[in-house]
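Trainee: My file is data-v2.tsv. It has TSV, C-alpha atoms and all ligand atoms:
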```tsv
chain	number	residue	atom	x	y	z
M	88	MET	CA	3.82	80.17	-162.76
M	89	PRO	CA	5.94	79.34	-165.83
M	90	LYS	CA	4.05	77.22	-168.28
M	91	THR	CA	4.30	73.46	-168.42
M	92	PRO	CA	6.78	72.42	-171.13
M	93	LYS	CA	5.88	70.02	-173.89
M	94	ARG	CA	5.88	66.42	-172.74
M	95	LEU	CA	9.30	64.81	-172.59
M	96	SER	CA	10.07	61.11	-172.76
M	97	THR	CA	11.31	59.44	-169.57
M	98	VAL	CA	14.78	59.11	-171.14
M	99	GLN	CA	14.88	62.80	-172.08
M	100	ALA	CA	13.76	63.74	-168.57
M	101	THR	CA	16.40	61.51	-166.99
M	102	TYR	CA	19.17	63.08	-169.09
M	103	LEU	CA	17.95	66.58	-168.36
M	104	THR	CA	17.85	66.14	-164.59
M	105	GLU	CA	21.17	64.29	-164.52
M	106	ILE	CA	22.89	67.03	-166.55
M	107	LEU	CA	21.51	69.64	-164.14
M	108	LYS	CA	22.79	67.72	-161.11
M	109	MET	CA	26.21	67.22	-162.72
M	110	THR	CA	26.64	70.87	-163.72
M	111	GLN	CA	25.47	72.03	-160.28
M	112	ALA	CA	28.14	69.76	-158.82
M	113	GLY	CA	30.69	71.57	-161.01
M	114	ARG	CA	31.28	68.69	-163.40
M	115	GLN	CA	31.86	69.16	-167.11
M	116	VAL	CA	29.26	67.20	-169.04
M	117	THR	CA	30.36	65.48	-172.22
M	118	THR	CA	29.03	62.69	-174.42
M	119	GLY	CA	31.54	60.33	-172.82
M	120	VAL	CA	30.56	61.25	-169.27
M	121	LEU	CA	26.88	60.64	-170.04
M	122	ALA	CA	27.58	57.39	-171.90
M	123	GLU	CA	29.41	56.14	-168.83
M	124	ARG	CA	26.73	57.39	-166.43
M	125	PHE	CA	23.89	55.69	-168.31
M	126	LYS	CA	25.92	52.68	-169.50
M	127	VAL	CA	25.02	53.27	-173.14
M	128	ARG	CA	27.08	53.82	-176.30
M	129	PRO	CA	28.05	57.39	-177.26
M	130	PRO	CA	25.81	57.45	-180.38
M	131	THR	CA	22.82	56.81	-178.10
M	132	VAL	CA	23.80	59.83	-176.01
M	133	VAL	CA	24.26	61.97	-179.13
M	134	GLY	CA	20.73	61.02	-180.25
M	135	VAL	CA	19.15	62.14	-176.97
M	136	MET	CA	21.27	65.29	-176.92
M	137	ARG	CA	19.98	66.19	-180.39
M	138	GLU	CA	16.39	65.75	-179.23
M	139	LEU	CA	16.97	68.01	-176.22
M	140	GLU	CA	18.79	70.53	-178.40
M	141	SER	CA	15.90	70.66	-180.88
M	142	LYS	CA	13.54	71.42	-177.98
M	143	GLY	CA	15.76	74.34	-176.97
M	144	LEU	CA	16.71	72.73	-173.67
M	145	LEU	CA	20.37	71.90	-174.33
M	146	LYS	CA	23.28	73.64	-176.04
M	147	ARG	CA	26.76	72.67	-177.09
M	148	VAL	CA	29.42	74.72	-175.34
M	149	GLY	CA	32.60	73.29	-176.80
M	150	TRP	CA	34.17	70.15	-178.13
M	151	GLY	CA	31.85	67.39	-176.96
M	152	ARG	CA	30.67	69.50	-174.03
M	153	VAL	CA	27.06	70.39	-173.39
M	154	ASP	CA	25.14	72.54	-170.95
M	155	LEU	CA	21.47	73.25	-170.34
M	156	THR	CA	19.87	76.42	-171.68
M	157	ASP	CA	18.00	78.62	-169.17
M	158	GLN	CA	14.80	76.95	-170.30
M	159	GLY	CA	16.43	73.52	-169.91
M	160	ARG	CA	17.48	74.39	-166.37
M	161	GLY	CA	13.93	75.48	-165.54
M	162	VAL	CA	12.42	72.31	-166.96
M	163	ALA	CA	15.00	70.12	-165.16
M	164	SER	CA	14.33	71.88	-161.83
M	165	ASP	CA	10.59	71.33	-162.30
M	166	LEU	CA	11.12	67.65	-163.05
M	167	ILE	CA	13.23	67.21	-159.92
M	168	HIS	CA	10.55	68.96	-157.87
M	169	VAL	CA	7.78	66.76	-159.28
M	170	HIS	CA	9.87	63.62	-158.84
M	171	ARG	CA	10.67	64.31	-155.19
M	172	VAL	CA	7.12	65.26	-154.28
M	173	ILE	CA	5.56	62.26	-156.00
M	174	GLU	CA	7.99	59.72	-154.51
M	175	THR	CA	7.42	61.28	-151.07
M	176	TYR	CA	3.67	60.88	-151.57
M	177	PHE	CA	4.02	57.22	-152.55
M	178	ALA	CA	6.30	56.46	-149.63
M	179	ASN	CA	4.76	58.55	-146.85
M	180	VAL	CA	1.06	58.49	-147.69
M	181	ILE	CA	0.61	55.13	-149.41
M	182	GLY	CA	3.47	53.35	-147.65
M	183	ILE	CA	5.30	52.02	-150.70
M	184	ASP	CA	8.99	51.35	-150.02
M	185	PRO	CA	11.29	54.25	-150.93
M	186	GLU	CA	13.16	52.57	-153.80
M	187	ARG	CA	9.97	51.53	-155.54
M	188	SER	CA	8.43	54.95	-154.83
M	189	CYS	CA	11.40	56.49	-156.64
M	190	ARG	CA	10.99	54.19	-159.67
M	191	LEU	CA	7.25	54.86	-159.85
M	192	ALA	CA	7.86	58.60	-159.63
M	193	ARG	CA	10.38	58.36	-162.49
M	194	SER	CA	7.87	56.55	-164.68
M	195	ILE	CA	5.13	59.17	-164.27
M	196	GLU	CA	7.01	62.42	-163.54
M	197	THR	CA	6.78	63.67	-167.13
M	198	ALA	CA	3.00	63.17	-167.13
M	199	ILE	CA	2.26	65.28	-164.02
M	200	ARG	CA	1.38	68.91	-164.69
M	201	ARG	CA	2.97	71.62	-162.57
M	202	ASP	CA	-0.35	72.67	-161.04
M	203	GLU	CA	-0.99	69.03	-160.15
M	204	ALA	CA	2.44	68.74	-158.53
M	205	ALA	CA	1.57	71.79	-156.42
M	206	MET	CA	-1.56	69.96	-155.23
M	207	PHE	CA	0.64	67.12	-153.96
M	208	CYS	CA	2.89	69.68	-152.23
M	209	LYS	CA	-0.08	71.19	-150.44
M	210	LEU	CA	-1.44	67.78	-149.45
M	211	LEU	CA	1.98	66.85	-148.02
M	212	ASN	CA	2.35	70.28	-146.40
M	213	TYR	CA	5.39	71.25	-148.49
M	214	PRO	CA	7.91	68.61	-147.39
M	215	ASP	CA	11.57	69.75	-147.02
M	216	LYS	CA	13.10	66.39	-147.91
M	217	CYS	CA	12.34	63.59	-150.36
M	218	VAL	CA	12.59	59.88	-149.58
M	219	HIS	CA	16.34	60.01	-150.30
M	220	GLY	CA	16.82	62.92	-147.88
M	221	GLU	CA	17.41	65.35	-150.76
M	222	GLU	CA	16.04	68.87	-150.48
M	223	VAL	CA	12.67	69.59	-152.09
M	224	VAL	CA	12.65	73.16	-153.41
M	225	HIS	CA	9.15	74.65	-153.56
M	226	ALA	CA	10.07	77.57	-155.80
M	227	TRP	CA	6.57	78.64	-156.79
M	228	CYS	CA	4.05	75.99	-155.66
M	229	ARG	CA	2.99	77.81	-152.47
M	230	ASP	CA	1.71	80.62	-154.68
M	231	GLN	CA	-0.96	78.23	-155.91
M	232	ASP	CA	-2.72	78.31	-152.52
M	301	ZN	ZN	13.88	59.43	-156.49
M	302	ZN	ZN	6.39	72.04	-154.20
```
For the structure just supplied, provide its representation as structure tokens.
Mentor:
Amino acid sequence: MPKTPKRLSTVQATYLTEILKMTQAGRQVTTGVLAERFKVRPPTVVGVMRELESKGLLKRVGWGRVDLTDQGRGVASDLIHVHRVIETYFANVIGIDPERSCRLARSIETAIRRDEAAMFCKLLNYPDKCVHGEEVVHAWCRDQD
């Protein structure tokens, strides 16, 4: 199991996972694209990008363009896994409505350790889909059994 990365802020985590989803969808990610996506001013985006860059999770790949490093991709994939498992737990086990489950998951996803996420996966019997119907990839958590 790769080690748990240093704690990220919720904003950093949101940027990281969004950049991963955008690049996987074949989109070029720039400061402008992110500013539009998050409805913030470009300098705000640049600030977050610098933080992610200093953590070794993001790199610049051209004029205004950014991409995740291998480490950044790994961390983003983990965050998406934790997010989807936690929101599924809130919705399916506790019965909280899906939209609120998603918001709650977002607010705590950076605080959940990978081994703890795997405990949720086991409890839920490794669900295939999250509350939004997106795929939940259990890349390594079954190995924890
Ligand atoms: Zn969600
Ligand atoms: Zn899992």
Trainee: What is the distance between CA of Phe125 in chain M and CA of Gly161 in chain M, in Å to one decimal?
Mentor: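 Spanning CA of Phe125 in chain M to CA of Gly161 in chain M is a straight-line distance of 22.3 Å.
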Trainee: Restricting the calculation to all atoms listed in the file, which member of M:Leu95, M:Ala205, M:Val223, M:Cys217 is positioned closest to Ala178 in chain M?
Mentor: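 The shortest atom-to-atom distance to Ala178 in chain M comes from M:Cys217.
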Trainee: Can you list every residue of chain M that has an atom at most 10 Å from ligand ZN 301 (chain M), with its nearest atom pair and the distance in Å to one decimal, using all atoms listed in the file, ordered by chain then number, as JSON lines?
Mentor:
```
{"residue": "M:Ile167", "atom": "CA", "partner": "M:ZN301", "partner_atom": "ZN", "distance": 8.5}
{"residue": "M:Val169", "atom": "CA", "partner": "M:ZN301", "partner_atom": "ZN", "distance": 9.9}
{"residue": "M:His170", "atom": "CA", "partner": "M:ZN301", "partner_atom": "ZN", "distance": 6.3}
{"residue": "M:Arg171", "atom": "CA", "partner": "M:ZN301", "partner_atom": "ZN", "distance": 6.0}
{"residue": "M:Val172", "atom": "CA", "partner": "M:ZN301", "partner_atom": "ZN", "distance": 9.2}
{"residue": "M:Ile173", "atom": "CA", "partner": "M:ZN301", "partner_atom": "ZN", "distance": 8.8}
{"residue": "M:Glu174", "atom": "CA", "partner": "M:ZN301", "partner_atom": "ZN", "distance": 6.2}
{"residue": "M:Thr175", "atom": "CA", "partner": "M:ZN301", "partner_atom": "ZN", "distance": 8.6}
{"residue": "M:Pro185", "atom": "CA", "partner": "M:ZN301", "partner_atom": "ZN", "distance": 8.0}
{"residue": "M:Glu186", "atom": "CA", "partner": "M:ZN301", "partner_atom": "ZN", "distance": 7.4}
{"residue": "M:Arg187", "atom": "CA", "partner": "M:ZN301", "partner_atom": "ZN", "distance": 8.9}
{"residue": "M:Ser188", "atom": "CA", "partner": "M:ZN301", "partner_atom": "ZN", "distance": 7.2}
{"residue": "M:Cys189", "atom": "CA", "partner": "M:ZN301", "partner_atom": "ZN", "distance": 3.8}
{"residue": "M:Arg190", "atom": "CA", "partner": "M:ZN301", "partner_atom": "ZN", "distance": 6.8}
{"residue": "M:Leu191", "atom": "CA", "partner": "M:ZN301", "partner_atom": "ZN", "distance": 8.7}
{"residue": "M:Ala192", "atom": "CA", "partner": "M:ZN301", "partner_atom": "ZN", "distance": 6.8}
{"residue": "M:Arg193", "atom": "CA", "partner": "M:ZN301", "partner_atom": "ZN", "distance": 7.0}
{"residue": "M:Cys217", "atom": "CA", "partner": "M:ZN301", "partner_atom": "ZN", "distance": 7.6}
{"residue": "M:Val218", "atom": "CA", "partner": "M:ZN301", "partner_atom": "ZN", "distance": 7.0}
{"residue": "M:His219", "atom": "CA", "partner": "M:ZN301", "partner_atom": "ZN", "distance": 6.7}
{"residue": "M:Gly220", "atom": "CA", "partner": "M:ZN301", "partner_atom": "ZN", "distance": 9.7}
{"residue": "M:Glu221", "atom": "CA", "partner": "M:ZN301", "partner_atom": "ZN", "distance": 9.0}
```
Trainee: I need the residue nearest Leu166 in chain M from this list: M:Ala112, M:Ala198, M:Leu139, M:Val180. Use all atoms listed in the file for the distance.
Mentor: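 Under the stated criterion, the closest residue is M:Ala198.
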Trainee: Residues within 7 Å of ligand ZN 302 (chain M) should be enumerated using only C-alpha atoms and all ligand atoms and returned as an mmCIF file with C-alpha atoms, keeping the file's coordinate frame.
Mentor:
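And here is the file that came out, selection.cif:
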```cif
data_model
loop_
_atom_site.group_PDB
_atom_site.id
_atom_site.type_symbol
_atom_site.label_atom_id
_atom_site.label_comp_id
_atom_site.auth_asym_id
_atom_site.auth_seq_id
_atom_site.Cartn_x
_atom_site.Cartn_y
_atom_site.Cartn_z
ATOM 1 C CA HIS M 168 10.550 68.960 -157.870
ATOM 2 C CA VAL M 172 7.120 65.260 -154.280
ATOM 3 C CA ALA M 204 2.440 68.740 -158.530
ATOM 4 C CA ALA M 205 1.570 71.790 -156.420
ATOM 5 C CA CYS M 208 2.890 69.680 -152.230
ATOM 6 C CA TYR M 213 5.390 71.250 -148.490
ATOM 7 C CA VAL M 224 12.650 73.160 -153.410
ATOM 8 C CA HIS M 225 9.150 74.650 -153.560
ATOM 9 C CA ALA M 226 10.070 77.570 -155.800
ATOM 10 C CA CYS M 228 4.050 75.990 -155.660
ATOM 11 C CA ARG M 229 2.990 77.810 -152.470
#
```
Trainee: Between CA of Lys146 in chain M and CA of Pro129 in chain M, what is the distance, to one decimal in Å?
Mentor: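 Computing the Euclidean distance for CA of Lys146 in chain M and CA of Pro129 in chain M yields 17.0 Å.
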Trainee: For Ala163 in chain M, which residue among M:Asn212, M:Thr197, M:Gln115, M:Ser141 is the nearest when counting all atoms listed in the file?
Mentor: M:Thr197
Trainee: Report the distance between CA of Ala100 in chain M and CA of Asp230 in chain M in Å, rounded to one decimal place.
Mentor: 25.0 Å
Trainee: Pick out the residues sitting within 9 Å of range 102-111 of chain M, and hand them over as a ChimeraX atom specification; count all atoms listed in the file, and ignore anything fewer than 4 positions along from it in its own chain.
Mentor: /M:97-98,115-116,121,125,132,135-136,139,144-145,153-155,159-160,162-164,166-167
Trainee: Identify which of the residues M:Thr117, M:Gly143, M:Ser194, M:Trp227 lies closest to Asp165 in chain M, counting all atoms listed in the file when measuring atom-to-atom distances.
Mentor: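 The shortest atom-to-atom distance to Asp165 in chain M comes from M:Trp227.
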Trainee: I need the residue nearest Val120 in chain M from this list: M:Thr101, M:Arg152, M:Lys209, M:Glu196. Use only C-alpha atoms for the distance.
Mentor: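 Nearest to Val120 in chain M: M:Arg152.
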